[in-house]
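Chemist: So here's my_file.tsv (TSV, C-alpha atoms).
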chain	number	residue	atom	x	y	z
O	1	MET	CA	126.48	178.95	174.52
O	2	THR	CA	129.59	181.08	174.48
O	3	GLN	CA	131.71	180.39	171.43
O	4	PRO	CA	135.40	179.64	172.01
O	5	THR	CA	137.66	182.59	171.31
O	6	THR	CA	140.14	180.42	169.40
O	7	PRO	CA	139.59	177.78	166.71
O	8	TYR	CA	139.91	174.21	167.87
O	9	VAL	CA	141.84	171.55	165.99
O	10	LEU	CA	141.85	167.83	166.61
O	11	ILE	CA	145.23	166.13	166.77
O	12	SER	CA	144.85	162.46	165.84
O	13	GLU	CA	147.78	160.47	167.24
O	14	VAL	CA	148.82	157.68	164.89
O	15	GLY	CA	152.09	156.56	166.51
O	16	PRO	CA	150.79	153.35	168.12
O	17	ARG	CA	149.80	152.13	164.65
O	18	ASP	CA	151.67	153.98	161.91
O	19	GLY	CA	154.77	154.36	164.05
O	20	LEU	CA	155.03	150.89	165.54
O	21	GLN	CA	154.36	149.02	162.32
O	22	SER	CA	157.12	151.00	160.59
O	23	VAL	CA	159.95	149.84	162.88
O	24	LYS	CA	161.56	146.41	163.00
O	25	ALA	CA	161.27	145.94	166.75
O	26	THR	CA	158.01	144.90	168.39
O	27	MET	CA	156.97	146.96	171.39
O	28	PRO	CA	155.81	144.71	174.26
O	29	THR	CA	152.08	144.91	174.91
O	30	ALA	CA	152.53	146.26	178.44
O	31	ASP	CA	154.65	149.11	177.08
O	32	LYS	CA	151.98	149.88	174.50
O	33	PHE	CA	149.50	150.17	177.36
O	34	ARG	CA	151.75	152.61	179.25
O	35	TRP	CA	152.32	154.67	176.13
O	36	ILE	CA	148.61	154.95	175.37
O	37	ASP	CA	147.97	155.86	179.02
O	38	ALA	CA	150.48	158.72	178.72
O	39	LEU	CA	148.95	159.95	175.46
O	40	VAL	CA	145.51	160.06	177.04
O	41	THR	CA	146.90	161.86	180.10
O	42	ALA	CA	148.35	164.49	177.76
O	43	GLY	CA	144.87	165.21	176.41
O	44	LEU	CA	144.85	163.40	173.08
O	45	ARG	CA	141.28	162.46	172.22
O	46	GLU	CA	141.73	160.41	169.05
O	47	ILE	CA	144.34	157.65	168.85
O	48	GLU	CA	144.95	155.12	166.10
O	49	VAL	CA	146.04	152.28	168.34
O	50	CYS	CA	146.67	149.42	165.89
O	51	SER	CA	145.98	147.81	162.55
O	52	PHE	CA	144.17	144.53	161.99
O	53	VAL	CA	146.40	142.59	159.65
O	54	PRO	CA	147.75	139.01	159.71
O	55	PRO	CA	150.41	138.67	162.43
O	56	LYS	CA	152.70	136.89	159.99
O	57	LEU	CA	152.80	140.08	157.92
O	58	LEU	CA	153.04	142.53	160.80
O	59	PRO	CA	153.99	140.83	164.08
O	60	GLN	CA	154.11	144.32	165.66
O	61	MET	CA	150.28	144.32	165.50
O	62	ALA	CA	149.64	140.77	166.74
O	63	ASP	CA	148.13	142.10	169.99
O	64	ALA	CA	145.69	144.46	168.25
O	65	ALA	CA	142.55	143.25	170.04
O	66	GLU	CA	144.25	143.50	173.45
O	67	VAL	CA	145.42	147.03	172.73
O	68	VAL	CA	141.93	148.09	171.63
O	69	ARG	CA	140.45	146.58	174.80
O	70	HIS	CA	142.88	148.60	176.92
O	71	ALA	CA	142.25	151.87	175.09
O	72	LEU	CA	138.47	151.50	175.32
O	73	GLN	CA	138.61	152.05	179.09
O	74	TYR	CA	139.02	155.80	178.52
O	75	PRO	CA	135.75	157.70	178.05
O	76	GLY	CA	135.88	160.49	175.52
O	77	VAL	CA	138.76	158.97	173.55
O	78	THR	CA	138.07	157.84	169.99
O	79	VAL	CA	139.84	154.51	169.49
O	80	MET	CA	140.79	153.97	165.85
O	81	ALA	CA	142.25	151.07	163.90
O	82	LEU	CA	143.50	150.74	160.35
O	83	VAL	CA	142.00	147.95	158.25
O	84	PRO	CA	143.17	147.13	154.71
O	85	ASN	CA	140.36	144.73	153.83
O	86	LEU	CA	137.03	143.19	154.85
O	87	ARG	CA	138.60	140.50	157.04
O	88	GLY	CA	140.52	143.12	159.02
O	89	ALA	CA	137.41	145.27	159.32
O	90	GLU	CA	135.40	142.37	160.74
O	91	ALA	CA	138.03	141.72	163.41
O	92	ALA	CA	138.29	145.43	164.23
O	93	LEU	CA	134.54	145.89	164.52
O	94	LYS	CA	134.27	142.86	166.80
O	95	SER	CA	136.99	144.34	169.01
O	96	GLY	CA	134.85	147.41	169.68
O	97	VAL	CA	136.77	150.20	167.94
O	98	HIS	CA	135.03	153.55	167.45
O	99	LYS	CA	136.48	154.32	164.02
O	100	LEU	CA	138.04	152.51	161.07
O	101	THR	CA	140.65	153.93	158.72
O	102	ILE	CA	140.94	152.32	155.28
O	103	PRO	CA	144.00	153.03	153.11
O	104	CYS	CA	142.87	153.84	149.58
O	105	SER	CA	145.63	154.85	147.23
O	106	ALA	CA	145.16	157.60	144.68
O	107	SER	CA	147.97	155.94	142.71
O	108	GLU	CA	147.09	152.80	140.76
O	109	ALA	CA	150.66	151.48	141.03
O	110	HIS	CA	150.78	152.01	144.79
O	111	SER	CA	147.36	150.44	145.26
O	112	LEU	CA	148.50	147.26	143.51
O	113	ALA	CA	151.72	147.16	145.53
O	114	ASN	CA	150.20	148.05	148.90
O	115	VAL	CA	146.88	146.19	149.03
O	116	ARG	CA	147.18	144.06	145.89
O	117	LYS	CA	144.04	145.57	144.45
O	118	SER	CA	143.33	148.06	141.70
O	119	ARG	CA	141.79	151.35	142.72
O	120	LYS	CA	138.39	150.22	141.43
O	121	ASP	CA	138.63	146.94	143.32
O	122	MET	CA	139.58	148.84	146.48
O	123	VAL	CA	136.45	150.97	146.15
O	124	GLU	CA	134.41	147.75	146.08
O	125	GLU	CA	136.27	146.57	149.20
O	126	VAL	CA	135.33	149.84	150.89
O	127	ARG	CA	131.71	149.29	149.89
O	128	ALA	CA	131.78	145.82	151.46
O	129	ILE	CA	133.32	147.18	154.67
O	130	VAL	CA	130.66	149.89	154.89
O	131	HIS	CA	127.94	147.25	154.42
O	132	LEU	CA	129.44	145.13	157.20
O	133	ARG	CA	129.67	148.19	159.47
O	134	ASP	CA	126.03	149.03	158.82
O	135	GLU	CA	125.03	145.48	159.75
O	136	ILE	CA	126.99	144.87	162.94
O	137	ALA	CA	128.27	148.22	164.27
O	138	PRO	CA	126.37	151.16	162.75
O	139	GLY	CA	127.81	153.65	165.23
O	140	VAL	CA	131.38	153.16	164.01
O	141	LYS	CA	132.79	155.88	161.76
O	142	ILE	CA	134.81	155.06	158.65
O	143	GLU	CA	137.48	157.26	157.12
O	144	ALA	CA	139.22	156.54	153.84
O	145	GLY	CA	142.82	157.72	153.93
O	146	LEU	CA	143.73	158.68	150.36
O	147	SER	CA	147.37	157.64	150.33
O	148	THR	CA	149.94	158.90	147.79
O	149	ALA	CA	147.64	161.85	147.17
O	150	PHE	CA	150.57	164.18	146.57
O	151	GLY	CA	152.90	161.89	144.63
O	152	CYS	CA	153.99	158.27	144.35
O	153	THR	CA	157.48	156.78	144.43
O	154	ILE	CA	156.36	154.02	142.04
O	155	GLN	CA	154.47	155.86	139.30
O	156	GLY	CA	155.64	159.40	140.03
O	157	GLU	CA	153.04	162.13	139.56
O	158	VAL	CA	149.51	161.58	140.86
O	159	THR	CA	147.08	163.95	139.18
O	160	ASP	CA	144.59	166.06	141.10
O	161	ASP	CA	141.83	164.46	139.03
O	162	ASP	CA	142.87	160.99	140.24
O	163	VAL	CA	142.69	162.13	143.85
O	164	VAL	CA	139.31	163.81	143.42
O	165	TRP	CA	137.98	160.73	141.61
O	166	MET	CA	139.03	158.48	144.47
O	167	ALA	CA	137.51	160.84	147.05
O	168	GLU	CA	134.20	160.87	145.19
O	169	GLN	CA	134.21	157.09	144.77
O	170	VAL	CA	134.82	156.24	148.43
O	171	VAL	CA	132.22	158.76	149.58
O	172	ALA	CA	129.73	157.23	147.15
O	173	ALA	CA	130.68	153.85	148.66
O	174	GLY	CA	129.56	155.14	152.05
O	175	VAL	CA	132.57	156.36	154.05
O	176	ASP	CA	131.98	159.15	156.53
O	177	GLU	CA	135.04	161.12	155.44
O	178	ALA	CA	138.04	161.02	153.14
O	179	GLY	CA	141.37	162.50	154.21
O	180	LEU	CA	144.50	163.21	152.19
O	181	SER	CA	147.81	161.51	152.99
O	182	ASP	CA	151.27	162.65	151.91
O	183	THR	CA	152.54	159.07	152.07
O	184	THR	CA	155.83	159.78	150.32
O	185	GLY	CA	156.59	163.23	151.71
O	186	MET	CA	156.34	164.92	148.30
O	187	ALA	CA	153.74	167.59	149.12
O	188	ASN	CA	154.32	171.33	149.21
O	189	PRO	CA	152.06	174.00	150.74
O	190	ALA	CA	150.69	175.33	147.43
O	191	GLN	CA	149.78	171.80	146.36
O	192	VAL	CA	148.17	171.09	149.73
O	193	ARG	CA	145.95	174.16	149.50
O	194	ARG	CA	144.98	173.44	145.89
O	195	LEU	CA	144.19	169.76	146.42
O	196	PHE	CA	142.22	170.15	149.64
O	197	ASN	CA	140.18	172.90	147.97
O	198	LYS	CA	139.43	170.64	144.99
O	199	VAL	CA	138.48	167.71	147.20
O	200	ARG	CA	136.27	169.90	149.40
O	201	ALA	CA	134.54	171.24	146.29
O	202	ALA	CA	133.81	167.63	145.31
O	203	ILE	CA	132.79	166.02	148.62
O	204	GLY	CA	132.09	168.98	150.91
O	205	ASP	CA	132.12	168.41	154.66
O	206	LYS	CA	133.17	164.78	154.21
O	207	THR	CA	136.69	166.08	153.61
O	208	GLY	CA	138.76	164.58	156.40
O	209	ALA	CA	142.18	164.81	157.99
O	210	ALA	CA	145.56	165.94	156.73
O	211	HIS	CA	148.15	163.20	157.15
O	212	MET	CA	151.47	164.86	156.36
O	213	HIS	CA	155.01	163.48	156.39
O	214	ASN	CA	158.14	165.44	157.19
O	215	THR	CA	160.40	163.51	154.83
O	216	ARG	CA	161.61	166.69	153.13
O	217	GLY	CA	161.12	169.06	156.05
O	218	LEU	CA	157.75	170.48	154.95
O	219	GLY	CA	155.44	168.64	157.33
O	220	LEU	CA	154.47	171.59	159.55
O	221	ALA	CA	154.25	173.98	156.59
O	222	ASN	CA	151.91	171.58	154.86
O	223	CYS	CA	149.75	171.22	157.99
O	224	LEU	CA	149.47	174.99	158.24
O	225	ALA	CA	148.54	175.19	154.55
O	226	ALA	CA	145.80	172.61	155.17
O	227	TYR	CA	144.58	174.60	158.18
O	228	ASP	CA	144.40	177.73	156.04
O	229	VAL	CA	141.89	176.04	153.72
O	230	GLY	CA	139.66	174.67	156.46
O	231	VAL	CA	141.16	171.37	157.61
O	232	ARG	CA	140.71	170.89	161.34
O	233	THR	CA	141.95	167.32	161.95
O	234	PHE	CA	145.63	166.49	161.69
O	235	ASP	CA	147.38	163.15	162.01
O	236	ALA	CA	150.74	163.14	163.79
O	237	SER	CA	153.06	160.70	165.53
O	238	LEU	CA	154.79	161.20	168.87
O	239	GLY	CA	158.51	161.58	168.31
O	240	GLY	CA	157.89	161.44	164.55
O	241	LEU	CA	157.92	157.67	164.81
O	242	GLY	CA	157.24	155.78	161.59
O	243	GLY	CA	156.22	157.11	158.24
O	244	CYS	CA	158.53	157.02	155.22
O	245	PRO	CA	161.94	158.41	156.19
O	246	TYR	CA	163.46	158.33	152.69
O	247	ALA	CA	165.71	161.33	153.34
O	248	PRO	CA	168.69	160.64	155.66
O	249	GLY	CA	168.09	162.14	159.09
O	250	ALA	CA	164.52	163.12	158.29
O	251	SER	CA	161.57	161.66	160.10
O	252	GLY	CA	158.50	160.37	158.36
O	253	ASN	CA	155.36	161.45	160.19
O	254	VAL	CA	154.83	164.97	161.45
O	255	VAL	CA	156.02	165.15	165.07
O	256	THR	CA	153.02	165.51	167.40
O	257	GLU	CA	154.98	167.65	169.87
O	258	ASP	CA	156.02	170.14	167.19
O	259	LEU	CA	152.55	170.27	165.64
O	260	VAL	CA	150.89	170.95	169.00
O	261	PHE	CA	153.48	173.62	169.79
O	262	MET	CA	152.90	175.36	166.45
O	263	PHE	CA	149.15	175.56	166.87
O	264	GLU	CA	149.25	176.51	170.54
O	265	ALA	CA	151.86	179.23	169.87
O	266	MET	CA	149.48	180.63	167.25
O	267	GLY	CA	146.66	180.75	169.81
O	268	ILE	CA	144.85	177.79	168.25
O	269	SER	CA	143.74	175.37	170.94
O	270	THR	CA	144.52	171.68	170.54
O	271	GLY	CA	143.31	170.55	173.95
O	272	VAL	CA	146.69	168.88	174.48
O	273	ASP	CA	149.03	169.64	177.39
O	274	ILE	CA	152.40	169.87	175.66
O	275	GLU	CA	154.45	169.24	178.82
O	276	LYS	CA	152.57	165.99	179.44
O	277	LEU	CA	152.88	165.21	175.74
O	278	ILE	CA	156.66	165.52	175.91
O	279	ALA	CA	156.59	163.30	179.01
O	280	ALA	CA	154.80	160.66	176.92
O	281	ARG	CA	158.07	160.15	175.04
O	282	GLU	CA	159.43	158.28	178.06
O	283	PRO	CA	157.21	155.17	177.77
O	284	LEU	CA	157.71	155.25	173.99
O	285	MET	CA	161.49	155.18	174.33
O	286	ALA	CA	161.32	152.59	177.12
O	287	GLY	CA	159.28	150.29	174.92
O	288	LEU	CA	161.56	150.74	171.91
O	289	PRO	CA	165.04	151.18	173.37
O	290	GLY	CA	167.50	152.54	170.84
O	291	GLU	CA	164.86	153.56	168.31
O	292	PRO	CA	165.49	157.17	167.16
O	293	VAL	CA	162.83	159.74	167.98
O	294	TYR	CA	162.55	163.21	166.53
O	295	GLY	CA	161.16	166.61	167.45
O	296	MET	CA	162.55	170.12	167.69
O	297	THR	CA	160.30	171.26	170.54
O	298	PRO	CA	161.35	168.56	173.04
O	299	LEU	CA	165.01	169.32	172.29
O	300	ALA	CA	164.73	173.10	172.51
O	301	GLY	CA	162.28	173.21	175.42
O	302	LEU	CA	159.29	175.49	175.84
O	303	PRO	CA	159.76	179.28	175.77
O	304	LYS	CA	159.85	181.19	179.04
O	305	ASN	CA	156.39	181.93	180.48
O	306	TRP	CA	154.84	179.48	178.03
O	307	LYS	CA	151.04	179.26	178.16
O	308	LEU	CA	148.64	177.00	176.30
O	309	ALA	CA	146.05	178.61	174.03
O	310	ALA	CA	142.81	179.51	175.78
In structure tokens, how does this file's structure come out?
Modeler:
Amino acid sequence: MTQPTTPYVLISEVGPRDGLQSVKATMPTADKFRWIDALVTAGLREIEVCSFVPPKLLPQMADAAEVVRHALQYPGVTVMALVPNLRGAEAALKSGVHKLTIPCSASEAHSLANVRKSRKDMVEEVRAIVHLRDEIAPGVKIEAGLSTAFGCTIQGEVTDDDVVWMAEQVVAAGVDEAGLSDTTGMANPAQVRRLFNKVRAAIGDKTGAAHMHNTRGLGLANCLAAYDVGVRTFDASLGGLGGCPYAPGASGNVVTEDLVFMFEAMGISTGVDIEKLIAAREPLMAGLPGEPVYGMTPLAGLPKNWKLAA
């Protein structure tokens, strides 16, 4: 088989989950369908479409099972859902998702605030979810997203040792991979390189995605730093929707359009058609009228004679 001339990276679109649950408005289910259709048309092959949480806590996700059912019609697309606990995992597995993401904080303070469990208790929850997966849906992949890996707004510094410990614990509990999340937008490129290298030294090829936020304008730089040390899966959100926009005028999640443009301009294939990706902003904005969207590439336009990477 002929090897590709350019490295391939996987862009994992998290807007339909991370983005929609971070805004006050609830996107109508039909608009979610149209948005997911447009994302698939653009060439995205992994989409986190929802989270399975009680509707009273997140009414934006009340239609999770319907959204999963719609997304499953597309062959070749990995349909993901976030689950914070065993009950959510059971509902997600019954819906037919291909992959679960479990938020596991590297910060003890954030873990208690976010999932109301200590880090050790969350590891046991992961173990229970893995056991359930093995029993009823052994083909489903599980990724632990190590949130606040680069700093926490509650406790402040999160040590590298705490992150590595959590990565080792969730892998021992049975997850297929553990990715690093810059939940609070505190990361810098040197820290990203150092921490991914340490985690890879500890858990090897189970090192998962980079989930970077652009809160302080370093999202793309941090993604490139992660790429430089071997990361090949990157979470991003169309229009930069969601995340933790603590800085005025700054988006939270890395903008999918800008991330795809960066890699493609470097000759690194993403498999995503950026013109169709930019067009996917239309159903997003139609479903959330008035909600601000971000992205430098859609505003500036593509350069003359633009070509996707081979």
Chemist: Expressed in Å to a single decimal, how great is the separation between CA of Thr101 in chain O and CA of Ala144 in chain O?
Modeler: 5.7 Å
Chemist: Quick one: residues within 10 Å of Pro54 in chain O, only C-alpha atoms counted, chain neighbours fewer than 5 positions away excluded, as number ranges by chain?
Modeler: O: 59, 61-62, 87-88
Chemist: Given only C-alpha atoms as the basis, pick out the residue of O:Leu44, O:Arg34, O:Leu72, O:Gln191 nearest to Val260 in chain O.
Modeler: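 Selected residue with least distance to Val260 in chain O: O:Leu44.
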Chemist: In Å, how far is it from CA of Asp121 in chain O to CA of Arg193 in chain O?
Modeler: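 Straight-line distance from CA of Asp121 in chain O to CA of Arg193 in chain O works out to 28.9 Å.
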Chemist: Between CA of Glu48 in chain O and CA of Arg17 in chain O, what distance in Å does the model show, to one decimal?
Modeler: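 These two atoms are separated by 5.9 Å.
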Chemist: Just checking: using all atoms listed in the file, which residue out of O:Asp205, O:Asp162, O:Glu275, O:Glu291 ends up closest to Ala106 in chain O?
Modeler: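 Looking only at the distances to Ala106 in chain O, the closest residue turns out to be O:Asp162.
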Chemist: O:Lys304, O:Ala279, O:Pro16, O:Ala236: which is nearest Leu259 in chain O, counting only C-alpha atoms?
Modeler: O:Ala236
Chemist: Identify which of the residues O:Leu58, O:Val170, O:Ala64, O:Ala187 lies closest to Val97 in chain O, counting all atoms listed in the file when measuring atom-to-atom distances.
Modeler: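 Ranked by minimum distance to Val97 in chain O, first place goes to O:Ala64.
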Chemist: At a cut-off of 9 Å, using all atoms listed in the file, what residues contact Val199 in chain O? Leave out same-chain residues fewer than 3 positions from it and give the result as JSON, numbers by chain.
Modeler: {"O": [160, 163, 164, 165, 167, 168, 178, 194, 195, 196, 202, 203, 204, 207]}
Chemist: Considering all atoms listed in the file, can you say which of O:Leu100, O:Leu10, O:Val77, O:Ala113 comes closest to Thr41 in chain O?
Modeler: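 The answer is O:Val77, which sits nearest to Thr41 in chain O.
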Chemist: Pick out the closest residue to Lys198 in chain O from this set: O:Cys223, O:Leu180, O:Leu20, O:Ala71. Count only C-alpha atoms.
Modeler: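 Checking each candidate against Lys198 in chain O, we get O:Leu180 as the closest.
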Chemist: Applying 9 Å and all atoms listed in the file, which residues near Thr256 in chain O remain after dropping the ones on its own chain fewer than 4 positions away? List them as a PyMOL selection string.
Modeler: chain O and resi 11-13+235-240+260-261+277+295
Chemist: Would you mind listing what lies within 8 Å of Leu86 in chain O as number ranges by chain, with all atoms listed in the file counted and same-chain residues fewer than 4 positions away left out?
Modeler: O: 90, 125-126, 128-129
Chemist: Go ahead and fit an axis-aligned box to every listed atom of range 85-93 of chain O plus 4 Å each side, and pass me the centre and edge lengths in Å, one decimal, as lines of an AutoDock Vina configuration file.
Modeler:
center_x = 137.5
center_y = 143.2
center_z = 159.2
size_x = 14.0
size_y = 13.4
size_z = 18.7
Chemist: Pick out the residues sitting within 9 Å of Gly219 in chain O, and hand them over as a JSON list (two decimals) with C-alpha atoms, in the frame of the given file; count all atoms listed in the file, and ignore anything fewer than 2 positions along from it in its own chain.
Modeler:
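Output below, filename result.json:
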[["chain", "number", "residue", "atom", "x", "y", "z"],
["O", 185, "GLY", "CA", 156.59, 163.23, 151.71],
["O", 187, "ALA", "CA", 153.74, 167.59, 149.12],
["O", 188, "ASN", "CA", 154.32, 171.33, 149.21],
["O", 212, "MET", "CA", 151.47, 164.86, 156.36],
["O", 213, "HIS", "CA", 155.01, 163.48, 156.39],
["O", 214, "ASN", "CA", 158.14, 165.44, 157.19],
["O", 215, "THR", "CA", 160.40, 163.51, 154.83],
["O", 216, "ARG", "CA", 161.61, 166.69, 153.13],
["O", 217, "GLY", "CA", 161.12, 169.06, 156.05],
["O", 221, "ALA", "CA", 154.25, 173.98, 156.59],
["O", 222, "ASN", "CA", 151.91, 171.58, 154.86],
["O", 223, "CYS", "CA", 149.75, 171.22, 157.99],
["O", 224, "LEU", "CA", 149.47, 174.99, 158.24],
["O", 252, "GLY", "CA", 158.50, 160.37, 158.36],
["O", 253, "ASN", "CA", 155.36, 161.45, 160.19],
["O", 254, "VAL", "CA", 154.83, 164.97, 161.45],
["O", 255, "VAL", "CA", 156.02, 165.15, 165.07],
["O", 259, "LEU", "CA", 152.55, 170.27, 165.64]]
